[in-house]
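Enquirer: Got a structure for you, entry_16.cif, holding mmCIF, C-alpha atoms.
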```cif
data_my_file
#
loop_
_atom_site.label_atom_id
_atom_site.label_comp_id
_atom_site.auth_asym_id
_atom_site.auth_seq_id
_atom_site.Cartn_x
_atom_site.Cartn_y
_atom_site.Cartn_z
CA MET A 1 -96.12 142.13 111.26
CA LEU A 2 -96.11 145.18 109.01
CA PHE A 3 -94.29 145.70 105.74
CA ALA A 4 -93.85 148.74 103.53
CA ILE A 5 -93.12 149.24 99.83
CA PRO A 6 -91.77 152.65 98.75
CA THR A 7 -94.29 154.37 96.46
CA ALA A 8 -91.71 155.01 93.77
CA MET A 9 -91.22 151.27 93.27
CA ALA A 10 -94.67 149.89 94.05
CA ASP A 11 -96.02 150.42 90.53
CA GLU A 12 -92.98 149.14 88.63
CA PRO A 13 -93.68 145.88 86.74
CA PRO A 14 -91.25 142.97 86.93
CA ALA A 15 -88.89 142.68 83.96
CA GLN A 16 -87.30 139.65 82.34
CA GLU A 17 -83.60 139.18 82.93
CA ALA A 18 -81.70 141.29 80.43
CA ARG A 19 -80.33 139.44 77.37
CA ALA A 20 -81.48 136.01 78.59
CA PRO A 21 -83.34 134.00 75.92
CA PHE A 22 -86.94 133.57 77.07
CA LEU A 23 -87.50 129.86 76.39
CA GLY A 24 -84.64 127.63 77.46
CA ALA A 25 -83.03 130.18 79.77
CA PHE A 26 -85.34 132.63 81.52
CA LEU A 27 -87.97 129.86 81.44
CA THR A 28 -86.78 126.23 81.34
CA GLU A 29 -89.65 124.20 82.77
CA THR A 30 -93.33 124.73 83.62
CA ARG A 31 -95.75 122.64 85.66
CA ILE A 32 -99.47 123.36 85.29
CA LEU A 33 -102.04 121.67 87.50
CA TYR A 34 -105.55 122.00 86.06
CA PRO A 35 -108.91 120.84 87.46
CA LEU A 36 -110.64 117.78 86.06
CA SER A 37 -114.04 119.37 86.69
CA ILE A 38 -115.31 122.94 86.31
CA ASP A 39 -118.80 123.52 87.70
CA GLY A 40 -119.87 120.09 86.51
CA TRP A 41 -118.05 120.29 83.17
CA GLU A 42 -115.68 117.31 82.90
CA ALA A 43 -112.23 117.21 81.29
CA LEU A 44 -112.33 114.71 78.41
CA GLY A 45 -108.66 114.78 77.50
CA GLU A 46 -105.72 116.97 76.55
CA ARG A 47 -103.75 117.63 73.41
CA ARG A 48 -100.05 118.48 73.40
CA TYR A 49 -98.81 120.34 70.35
CA GLU A 50 -95.77 119.09 68.47
CA MET A 51 -93.57 121.99 69.51
CA ALA A 52 -93.34 122.49 73.28
CA GLU A 53 -93.59 126.27 72.98
CA PHE A 54 -97.04 125.89 71.41
CA GLY A 55 -98.30 124.41 74.69
CA ALA A 56 -101.35 122.22 75.08
CA SER A 57 -105.13 122.31 75.19
CA VAL A 58 -107.72 120.61 77.37
CA ARG A 59 -111.32 119.94 76.33
CA TYR A 60 -114.17 120.14 78.85
CA GLU A 61 -117.67 118.88 78.13
CA ASP A 62 -121.01 119.47 79.79
CA PRO A 63 -122.08 115.88 80.65
CA SER A 64 -125.73 116.85 80.31
CA ARG A 65 -125.15 118.19 76.77
CA GLU A 66 -122.60 116.23 74.76
CA ASP A 67 -122.69 118.84 72.00
CA ARG A 68 -121.64 121.62 74.39
CA TRP A 69 -117.90 121.88 75.02
CA MET A 70 -115.13 124.28 76.04
CA ASP A 71 -111.46 124.18 75.06
CA ALA A 72 -108.75 125.68 77.28
CA TYR A 73 -105.35 126.50 75.76
CA PHE A 74 -102.08 127.08 77.66
CA TYR A 75 -98.92 128.44 76.00
CA PRO A 76 -96.01 130.65 77.12
CA ALA A 77 -96.32 134.42 77.03
CA GLY A 78 -93.58 135.87 79.25
CA VAL A 79 -93.93 139.17 81.07
CA LEU A 80 -96.05 141.38 78.82
CA PRO A 81 -95.82 145.19 78.72
CA SER A 82 -98.91 147.25 79.37
CA GLY A 83 -101.39 147.09 76.48
CA ARG A 84 -99.84 144.03 74.86
CA LEU A 85 -102.51 141.54 75.96
CA ARG A 86 -105.30 143.57 74.35
CA LYS A 87 -103.32 143.74 71.09
CA ASP A 88 -102.81 139.98 71.17
CA VAL A 89 -106.52 139.39 71.74
CA GLU A 90 -107.40 141.70 68.84
CA GLN A 91 -104.90 139.84 66.65
CA THR A 92 -106.52 136.53 67.56
CA MET A 93 -109.96 137.93 66.72
CA HIS A 94 -108.61 139.08 63.36
CA GLU A 95 -107.22 135.60 62.67
CA ILE A 96 -110.55 133.96 63.50
CA SER A 97 -112.31 136.32 61.10
CA GLY A 98 -109.61 135.52 58.53
CA ARG A 99 -110.60 131.85 58.52
CA VAL A 100 -113.67 132.59 56.40
CA GLY A 101 -113.46 130.75 53.10
CA VAL A 102 -110.32 128.72 53.88
CA PRO A 103 -110.17 124.90 54.12
CA ASP A 104 -111.54 123.66 57.47
CA GLY A 105 -112.56 127.24 58.20
CA TYR A 106 -115.85 129.10 58.34
CA GLU A 107 -118.41 130.27 55.84
CA ARG A 108 -119.21 133.34 57.94
CA VAL A 109 -117.96 135.09 61.10
CA ALA A 110 -119.73 138.01 62.81
CA MET A 111 -117.49 139.28 65.62
CA GLY A 112 -118.98 140.94 68.69
CA THR A 113 -117.55 143.71 70.87
CA LEU A 114 -114.41 143.09 72.91
CA LYS A 115 -115.13 143.27 76.63
CA PRO A 116 -112.44 143.79 79.32
CA PHE A 117 -112.93 142.31 82.79
CA SER A 118 -110.77 141.24 85.72
CA ILE A 119 -110.24 138.05 87.72
CA LYS A 120 -109.46 138.40 91.43
CA LEU A 121 -106.95 135.93 92.87
CA GLY A 122 -105.23 135.32 96.19
CA LYS A 123 -105.47 136.86 99.61
CA GLY A 124 -103.37 139.19 101.72
CA TRP A 125 -100.01 140.17 100.24
CA ASP A 126 -100.54 137.59 97.48
CA LYS A 127 -103.76 139.25 96.32
CA ARG A 128 -103.79 140.22 92.65
CA SER A 129 -106.10 141.03 89.78
CA LEU A 130 -105.65 139.57 86.29
CA GLU A 131 -106.56 141.51 83.16
CA ALA A 132 -108.85 139.50 80.88
CA TYR A 133 -110.89 139.99 77.70
CA SER A 134 -113.91 138.23 76.29
CA VAL A 135 -115.72 138.39 72.98
CA SER A 136 -118.78 136.66 71.55
CA MET A 137 -119.26 135.84 67.88
CA GLN A 138 -121.57 134.14 65.43
CA ILE A 139 -120.04 131.60 63.07
CA GLN A 140 -121.33 129.42 60.27
CA ARG A 141 -119.83 126.12 59.15
CA ASP A 142 -121.23 123.49 56.81
CA GLY A 143 -124.43 125.49 56.60
CA LYS A 144 -124.98 125.42 60.38
CA ARG A 145 -124.93 128.50 62.62
CA TYR A 146 -123.27 128.63 66.01
CA HIS A 147 -122.81 131.05 68.87
CA SER A 148 -119.21 131.12 70.01
CA ALA A 149 -117.18 132.99 72.63
CA MET A 150 -113.53 133.45 73.55
CA VAL A 151 -111.74 134.57 76.73
CA MET A 152 -108.04 135.38 76.86
CA LEU A 153 -105.68 136.42 79.67
CA VAL A 154 -102.13 135.91 80.97
CA SER A 155 -101.34 134.31 84.34
CA ASP A 156 -97.87 133.41 85.64
CA MET A 157 -96.28 134.05 82.22
CA TYR A 158 -98.76 131.82 80.36
CA TYR A 159 -101.52 132.72 77.96
CA ILE A 160 -104.78 131.12 79.01
CA LYS A 161 -107.36 131.12 76.25
CA THR A 162 -110.78 129.47 76.39
CA ARG A 163 -113.23 128.93 73.57
CA MET A 164 -116.82 127.70 73.57
CA THR A 165 -119.04 126.97 70.56
CA VAL A 166 -122.74 126.06 70.82
CA ALA A 167 -125.48 125.54 68.23
CA GLU A 168 -127.39 128.78 67.63
CA ASP A 169 -130.73 127.36 68.77
CA GLN A 170 -129.34 126.16 72.13
CA ILE A 171 -128.21 129.39 73.76
CA LYS A 172 -128.25 133.15 73.22
CA GLN A 173 -125.07 134.80 72.01
CA GLU A 174 -124.40 136.84 75.17
CA ARG A 175 -125.23 133.83 77.36
CA ALA A 176 -122.39 131.94 75.65
CA ARG A 177 -120.02 134.74 76.60
CA THR A 178 -121.13 134.99 80.24
CA LEU A 179 -121.05 131.20 80.66
CA LEU A 180 -117.53 131.05 79.26
CA GLU A 181 -116.40 133.93 81.49
CA LYS A 182 -117.78 132.10 84.54
CA ASN A 183 -116.10 128.81 83.62
CA THR A 184 -112.82 130.56 82.83
CA ILE A 185 -112.77 132.36 86.18
CA GLU A 186 -113.30 129.05 87.98
CA LEU A 187 -110.57 127.42 85.86
CA VAL A 188 -108.03 130.17 86.53
CA ARG A 189 -108.72 130.20 90.27
CA ALA A 190 -108.10 126.44 90.40
CA LEU A 191 -104.95 126.46 88.22
CA ARG A 192 -101.50 126.13 89.75
CA VAL A 193 -98.63 127.27 87.52
CA SER A 194 -94.98 126.78 88.56
CA ASN A 195 -91.99 127.89 86.47
CA THR A 196 -88.24 127.37 86.80
CA GLY A 197 -85.23 128.85 85.06
CA ARG A 198 -83.39 132.15 85.39
CA CYS A 199 -86.75 133.66 86.27
CA TRP A 200 -85.98 132.36 89.79
CA ASN A 201 -83.05 134.49 90.97
CA PRO A 202 -83.85 135.85 94.46
CA ALA A 203 -81.39 138.12 96.22
CA PRO A 204 -79.43 136.52 99.09
CA ILE A 205 -80.52 137.04 102.70
CA LEU A 206 -77.73 138.39 104.90
CA LYS A 207 -77.65 138.52 108.66
CA THR A 208 -77.14 142.00 110.08
CA ASP A 209 -77.14 143.69 113.46
CA PRO A 210 -79.73 146.21 114.61
CA PRO A 211 -80.76 148.86 113.98
CA LEU A 212 -81.95 148.45 110.38
CA ASP A 213 -82.30 151.60 108.26
CA THR A 214 -85.59 151.58 106.33
CA GLY A 215 -85.25 155.16 105.10
CA LYS A 216 -82.64 154.67 102.38
CA PRO A 217 -83.84 155.48 98.81
CA SER A 218 -82.54 152.07 97.65
CA VAL A 219 -84.87 150.13 99.98
CA VAL A 220 -87.37 148.06 97.97
CA VAL A 221 -89.51 146.74 100.83
CA SER A 222 -89.17 146.34 104.59
CA THR A 223 -90.95 144.66 107.47
CA ALA A 224 -91.23 145.38 111.19
CA GLU A 225 -92.23 143.51 114.34
CA ASN A 226 -93.85 145.64 117.07
CA GLY A 227 -92.61 148.75 115.32
CA VAL A 228 -89.00 147.56 115.13
CA PRO A 229 -87.59 146.83 111.62
CA SER A 230 -86.67 143.14 111.30
CA ALA A 231 -85.81 142.83 107.59
CA VAL A 232 -84.96 145.30 104.82
CA ALA A 233 -84.77 144.32 101.15
CA TYR A 234 -82.69 145.98 98.46
CA ALA A 235 -82.43 145.04 94.78
CA ASP A 236 -79.32 142.94 95.39
CA ARG A 237 -79.76 141.65 98.96
CA VAL A 238 -82.03 141.28 101.99
CA GLU A 239 -80.66 142.35 105.38
CA ALA A 240 -82.38 140.60 108.29
CA LEU A 241 -81.94 140.22 112.02
CA GLU A 242 -82.99 136.56 111.63
CA PRO A 243 -82.14 135.30 108.08
CA GLU A 244 -84.11 132.05 108.54
CA SER A 245 -87.29 133.81 109.70
CA PRO A 246 -90.54 133.78 107.65
CA GLN A 247 -90.36 137.59 107.58
CA ALA A 248 -86.96 137.55 105.86
CA ARG A 249 -88.20 134.99 103.33
CA LEU A 250 -91.28 137.09 102.61
CA MET A 251 -89.09 140.16 102.00
CA GLN A 252 -86.96 138.12 99.62
CA LEU A 253 -90.04 137.06 97.62
CA LEU A 254 -91.67 140.50 97.59
CA ALA A 255 -88.48 142.31 96.60
CA GLY A 256 -87.72 139.70 93.95
CA THR A 257 -91.16 140.12 92.42
CA ILE A 258 -90.94 143.92 92.41
CA THR A 259 -87.44 144.06 90.92
CA GLY A 260 -87.95 141.24 88.41
CA ARG A 261 -85.48 138.84 90.01
CA ILE A 262 -88.44 136.47 90.50
CA GLY A 263 -90.77 136.12 87.52
CA PRO A 264 -94.51 135.48 87.89
CA GLY A 265 -95.14 131.92 89.07
CA CYS A 266 -91.42 131.13 89.38
CA VAL A 267 -90.17 128.78 92.10
CA PRO A 268 -86.90 126.99 92.95
CA ALA A 269 -86.34 123.71 91.09
CA GLU A 270 -86.79 121.69 94.29
CA ASP A 271 -90.39 122.92 94.57
CA MET A 272 -91.47 121.51 91.19
CA ASN A 273 -92.47 117.97 92.23
CA PRO A 274 -95.15 118.03 94.93
CA PRO A 275 -97.94 115.41 94.72
CA VAL A 276 -100.81 116.09 92.32
CA PRO A 277 -103.93 116.80 94.44
CA GLU A 278 -107.06 114.75 93.94
CA GLY A 279 -109.27 116.20 91.22
CA MET A 280 -106.31 117.78 89.39
CA ARG A 281 -104.08 116.70 86.50
CA GLU A 282 -100.54 117.76 85.61
CA LEU A 283 -99.20 119.28 82.41
CA ARG A 284 -95.41 119.69 82.23
CA PHE A 285 -93.38 121.55 79.61
CA GLU A 286 -89.60 121.57 79.16
CA TYR A 287 -87.81 124.14 77.00
CA SER A 288 -84.39 123.57 75.45
CA ALA A 289 -81.72 126.24 75.13
CA PRO A 290 -81.78 127.96 71.71
CA LYS A 291 -79.37 126.80 69.01
CA GLU A 292 -76.11 128.66 68.56
CA ASP A 293 -77.31 130.23 65.31
CA SER A 294 -80.58 131.38 66.92
CA ASP A 295 -81.17 134.90 68.21
CA GLY A 296 -82.68 133.36 71.36
CA LYS A 297 -86.18 134.57 70.64
CA SER A 298 -89.08 132.18 70.93
CA PRO A 299 -91.09 131.23 67.81
CA ARG A 300 -94.21 133.21 67.11
CA LEU A 301 -96.53 132.24 69.98
CA ARG A 302 -99.47 134.58 69.70
CA GLY A 303 -102.54 133.83 67.64
CA GLN A 304 -101.48 130.25 66.91
CA ARG A 305 -104.59 128.73 68.42
CA THR A 306 -107.79 130.22 67.08
CA GLY A 307 -109.80 127.48 68.74
CA VAL A 308 -111.49 126.40 65.52
CA GLY A 309 -114.71 124.59 66.32
#
```
Before anything else, please render the file you have as structure tokens.
Expert:
Amino acid sequence: MLFAIPTAMADEPPAQEARAPFLGAFLTETRILYPLSIDGWEALGERRYEMAEFGASVRYEDPSREDRWMDAYFYPAGVLPSGRLRKDVEQTMHEISGRVGVPDGYERVAMGTLKPFSIKLGKGWDKRSLEAYSVSMQIQRDGKRYHSAMVMLVSDMYYIKTRMTVAEDQIKQERARTLLEKNTIELVRALRVSNTGRCWNPAPILKTDPPLDTGKPSVVVSTAENGVPSAVAYADRVEALEPESPQARLMQLLAGTITGRIGPGCVPAEDMNPPVPEGMRELRFEYSAPKEDSDGKSPRLRGQRTGVG
């Protein structure tokens, strides 16, 4: 089986449905499956924040060192434009530095250099690369010095932020960063994020007779069997010789992702309740429709969790 994506559309990012409120409409429910163990680090428990849109956090601890821990935060982001993630990371760094001298804050923060890296996920047509950033820092609290690190990225419309803090005499500053990067990569590769709402709006699959025309400018993606086109996807429909075939379904998913009819990580509602695999735990978030006097925008989500500790 071969499929083709016209060059003019291949680089276009998916867009949220126009005028639909993000939380409570475009996104109504999220299911996150996270691992209970990351390279020997064990999940101790999770914390859900009072407002659903502020997400939750999970703490992992190195069983061989009870004073060495990592927190992972999950909260909704949406579909970010190019460059936005870096700005959000820089804002979070600024907020951490701004906690010097405040109650329950720090006595000193020395921020390191922001480092971009990527996380490879998936195989075949599902292969993708996630943009990520890490930073190391030195902090002082109650007269004690610590090496700390933070990693931040977006996957399937959710911010994933990790934070590790270790006593200064236990580990070198850059080692804290590389260890956190390694643990975060393993965490992200194990995560399973499923979303429902208007973000799941695939175009219908229509049965058609041969031959299929793959040369029209409006074609988003097409597939062929033995050189003969079997399904052609447009922004508003998929034409297929066999509508129930896996090829037609794949064209529906690919075209929906390219055109924004299917948001990252979005699935039909009936796919939201599979069993939780052994070694995993479920987090589930539900988002209500905005009030009539609301503009439909979500509360300020970025920079809310500086990972103090």
Enquirer: Run the PyMOL selection byres ((chain A and resi 215) around 12) against the file shown and list the residues it catches, as a PyMOL selection string.
Expert: chain A and resi 4-6+211-214+216-222+229+232-234
Enquirer: Contacts of A:Ser288 at 12 Å or less, counting all atoms listed in the file, minus same-chain residues fewer than 6 places along, as a list of chain:residue names?
Expert: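 Using all atoms listed in the file, the neighbours found are A:Pro21, A:Phe22, A:Leu23, A:Gly24, A:Ala25, A:Phe26, A:Leu27, A:Thr28, A:Glu29, A:Met51, A:Ala52, A:Glu53, A:Gly197, A:Gly296, A:Ser298.
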Enquirer: Skip A:Val109 itself and residues of its chain fewer than 2 positions away, then list as a PDB file with C-alpha atoms, keeping the file's coordinate frame all residues within 9 Å of it, counting all atoms listed in the file.
Expert:
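Output saved as around.pdb:
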```pdb
ATOM      1  CA  ILE A  96    -110.550 133.960  63.500  1.00  0.00           C
ATOM      2  CA  SER A  97    -112.310 136.320  61.100  1.00  0.00           C
ATOM      3  CA  GLY A  98    -109.610 135.520  58.530  1.00  0.00           C
ATOM      4  CA  ARG A  99    -110.600 131.850  58.520  1.00  0.00           C
ATOM      5  CA  VAL A 100    -113.670 132.590  56.400  1.00  0.00           C
ATOM      6  CA  TYR A 106    -115.850 129.100  58.340  1.00  0.00           C
ATOM      7  CA  GLU A 107    -118.410 130.270  55.840  1.00  0.00           C
ATOM      8  CA  MET A 111    -117.490 139.280  65.620  1.00  0.00           C
ATOM      9  CA  MET A 137    -119.260 135.840  67.880  1.00  0.00           C
ATOM     10  CA  GLN A 138    -121.570 134.140  65.430  1.00  0.00           C
ATOM     11  CA  ILE A 139    -120.040 131.600  63.070  1.00  0.00           C
ATOM     12  CA  GLN A 140    -121.330 129.420  60.270  1.00  0.00           C
TER      13      GLN A 140
END
```
Enquirer: Can you tell me which residues surround A:Val166 at a distance of at most 9 Å, considering only C-alpha atoms, apart from same-chain residues fewer than 3 positions away, and format the answer as a compact mmCIF listing (two decimals) with C-alpha atoms, in the coordinates of the input?
Expert:
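Saved file out_3.txt follows:
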```
# COMPACT_ATOMS: atom_id res chain seq x y z
CA ASP A 67 -122.69 118.84 72.00
CA ARG A 68 -121.64 121.62 74.39
CA TRP A 69 -117.90 121.88 75.02
CA ARG A 145 -124.93 128.50 62.62
CA TYR A 146 -123.27 128.63 66.01
CA HIS A 147 -122.81 131.05 68.87
CA SER A 148 -119.21 131.12 70.01
CA ASP A 169 -130.73 127.36 68.77
CA GLN A 170 -129.34 126.16 72.13
CA ILE A 171 -128.21 129.39 73.76
CA ALA A 176 -122.39 131.94 75.65
```
Enquirer: Considering only C-alpha atoms, can you say which of A:Arg281, A:Arg59, A:Arg47, A:Arg84 comes closest to A:Arg163?
Expert: A:Arg59
Enquirer: Once you count only C-alpha atoms, what closest atom pair and distance in Å to one decimal does each residue of stretch 31-138 of chain A within 9 Å of stretch 250-270 of chain A have, with rows by chain and rising residue number, as a Markdown table?
Expert:
```
| residue | atom | partner | partner_atom | distance |
| --- | --- | --- | --- | --- |
| A:Gly78 | CA | A:Pro264 | CA | 8.7 |
| A:Val79 | CA | A:Pro264 | CA | 7.8 |
| A:Trp125 | CA | A:Leu254 | CA | 8.8 |
```
Enquirer: Pull out every residue that the PyMOL selection byres ((chain A and resi 271-280) around 12) matches in the shown coordinates and put them as a VMD selection string.
Expert: chain A and resid 28 to 38 42 to 43 187 190 to 197 200 265 to 270 281 to 285
Enquirer: Between stretch 3-97 of chain A and stretch 113-119 of chain A, at 10 Å or less, what are the per-residue closest atom pairs and their distances in Å? Count all atoms listed in the file, order by chain and rising residue number, and return it as a Markdown table.
Expert:
```
| residue | atom | partner | partner_atom | distance |
| --- | --- | --- | --- | --- |
| A:Arg86 | CA | A:Pro116 | CA | 8.7 |
| A:Val89 | CA | A:Leu114 | CA | 8.8 |
| A:Glu90 | CA | A:Leu114 | CA | 8.2 |
| A:Met93 | CA | A:Leu114 | CA | 9.2 |
```
Enquirer: Write to file, as a PDB file, in the frame of the given file, the residues of the selection just made, with C-alpha atoms.
Expert:
```pdb
ATOM      1  CA  ARG A  86    -105.300 143.570  74.350  1.00  0.00           C
ATOM      2  CA  VAL A  89    -106.520 139.390  71.740  1.00  0.00           C
ATOM      3  CA  GLU A  90    -107.400 141.700  68.840  1.00  0.00           C
ATOM      4  CA  MET A  93    -109.960 137.930  66.720  1.00  0.00           C
TER       5      MET A  93
END
```
Enquirer: To one decimal in Å, tell me the separation between atom CA of A:Glu95 and atom CA of A:Gly143.
Expert: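 Between these atoms lies a distance of 20.9 Å.
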